[in-house]
Amino acid sequence: VRTQVADLPSLARDGERAEIQAILDRDRACLLVGESGSGKSALAKQIAEIRYERCVWFTDASLDYETEVAFERGIGISHPFPEIAGRSPKPCLIVFDSIERYSAGARRLAHRFMQAVLAADGPQHVHVLVTSQFEPAEKIIRSFVEAGLPAALHKAKALDLPSPDDIRNLVAPIDELRWVSLRPGKHWDCRSRRA
């Protein structure tokens with residue numbers, strides 16, 4: 001997951017990062033939703049690097065197993081994953097990135113892992129951060145409710161797109177993109193290439 005463009009510093013998202021960390025510290029879990037390109041994964045990476053000494057990052061492909069045993073065999077571990085995460089002596093963040101892309105089997109496995117580590121008697125130093133796009137968020141929350149996951153995952157924390165000023169300031173040092181920063185008042189939609 002990239003958090004920078006070229007060698008430029010990352011977008012400052014200190015306020016959003018602090019809000020998400022406060023949710024994680026309070027509830028041990030957070031569902032972060034936003035549009036494609038809003039920086040959900042990059043922000044999750046910053047949170048993991050700044051606050052946690054251990055991080056496990058799951059994508060759709062890494063959990064594409066039908067059973068926990070098949071997953072353990074597939075990645076070469078001999079104990080259940082939630083047990084391994086719980087025994088970590090250091091604060092640990094488990095990220096389920098872009099959960100809307102997970103297959104049905106991968107989502108069931110993710111639910112089982114979340115149930116185990118977020119149980120009331122589960123490891124308090126293990127937190128869960130789930131990212132998703134806006135559109136499927138309601139369906140994902142419904143699946144969390146049906147799976148009996150904690151109330152912390154029954155609501156979402158929305159992440160807005162970076163502001164036009166943030167984007168202009170970010171691209172200003174790049175010669176090929178400086179023209180974007182010189183057009184104050186224009187809002188560029190980089191996906192559709194129109195002003």
# chains A, B, ... in the order shown; residues from 1 in each chain; ligands from 1

$ closest_atom_pairs --of "region 25-111 of chain A" --to "region 125-142 of chain A" --cutoff "6 Å" --atoms "only C-alpha atoms" --output "JSON lines"
{"residue": "A:Arg28", "atom": "CA", "partner": "A:His127", "partner_atom": "CA", "distance": 4.6}
{"residue": "A:Ala29", "atom": "CA", "partner": "A:Val128", "partner_atom": "CA", "distance": 4.6}
{"residue": "A:Cys30", "atom": "CA", "partner": "A:Leu129", "partner_atom": "CA", "distance": 5.0}
{"residue": "A:Leu31", "atom": "CA", "partner": "A:Val130", "partner_atom": "CA", "distance": 4.7}
{"residue": "A:Leu32", "atom": "CA", "partner": "A:Thr131", "partner_atom": "CA", "distance": 4.8}
{"residue": "A:Val33", "atom": "CA", "partner": "A:Ser132", "partner_atom": "CA", "distance": 4.9}
{"residue": "A:Gly34", "atom": "CA", "partner": "A:Gln133", "partner_atom": "CA", "distance": 5.0}
{"residue": "A:Glu35", "atom": "CA", "partner": "A:Gln133", "partner_atom": "CA", "distance": 5.4}
{"residue": "A:Pro91", "atom": "CA", "partner": "A:His125", "partner_atom": "CA", "distance": 5.0}
{"residue": "A:Cys92", "atom": "CA", "partner": "A:Val126", "partner_atom": "CA", "distance": 4.8}
{"residue": "A:Leu93", "atom": "CA", "partner": "A:His127", "partner_atom": "CA", "distance": 4.9}
{"residue": "A:Ile94", "atom": "CA", "partner": "A:Val128", "partner_atom": "CA", "distance": 4.8}
{"residue": "A:Val95", "atom": "CA", "partner": "A:Leu129", "partner_atom": "CA", "distance": 4.8}
{"residue": "A:Phe96", "atom": "CA", "partner": "A:Val130", "partner_atom": "CA", "distance": 4.7}
{"residue": "A:Asp97", "atom": "CA", "partner": "A:Thr131", "partner_atom": "CA", "distance": 5.0}
{"residue": "A:Ser98", "atom": "CA", "partner": "A:Ser132", "partner_atom": "CA", "distance": 4.8}
{"residue": "A:Ile99", "atom": "CA", "partner": "A:Ser132", "partner_atom": "CA", "distance": 5.7}
{"residue": "A:Glu100", "atom": "CA", "partner": "A:Ser132", "partner_atom": "CA", "distance": 5.8}

$ select_by_dssp --residues "region 35-188 of chain A" --states "strand (DSSP E)" --output "ChimeraX atom specification"
/A:54-58,92-96,126-133,157-159

$ select_by_dssp --residues "region 11-195 of chain A" --states "helix (DSSP H, G or I)" --output "PyMOL selection string"
chain A and resi 14-27+40-51+61-63+68-75+81-86+99-101+104-117+137-146+151-153+164-171+175-181

$ residues_around --residues "Asp14 (chain A)" --least-positions-apart "4" --cutoff "10 Å" --atoms "only C-alpha atoms" --output "list in words"
Ala18, Glu19, Ile20, Leu43, Gln46 and Ile47 of chain A

$ atom_distance --atom1 "CA of Ala106 (chain A)" --atom2 "CA of Leu63 (chain A)"
4.8 Å

$ atom_distance --atom1 "CA of Phe81 (chain A)" --atom2 "CA of Leu118 (chain A)"
13.2 Å

$ atom_distance --atom1 "CA of Gln124 (chain A)" --atom2 "CA of Glu83 (chain A)"
12.8 Å

$ closest_residue --among "A:His111, A:Lys45, A:Lys90, A:Arg26" --to "Leu149 (chain A)" --atoms "only C-alpha atoms"
A:His111

$ residues_around --residues "Ala110 (chain A)" --least-positions-apart "2" --cutoff "10 Å" --atoms "only C-alpha atoms" --output "VMD selection string"
chain A and resid 58 60 63 to 64 68 96 99 102 104 to 108 112 to 115 130
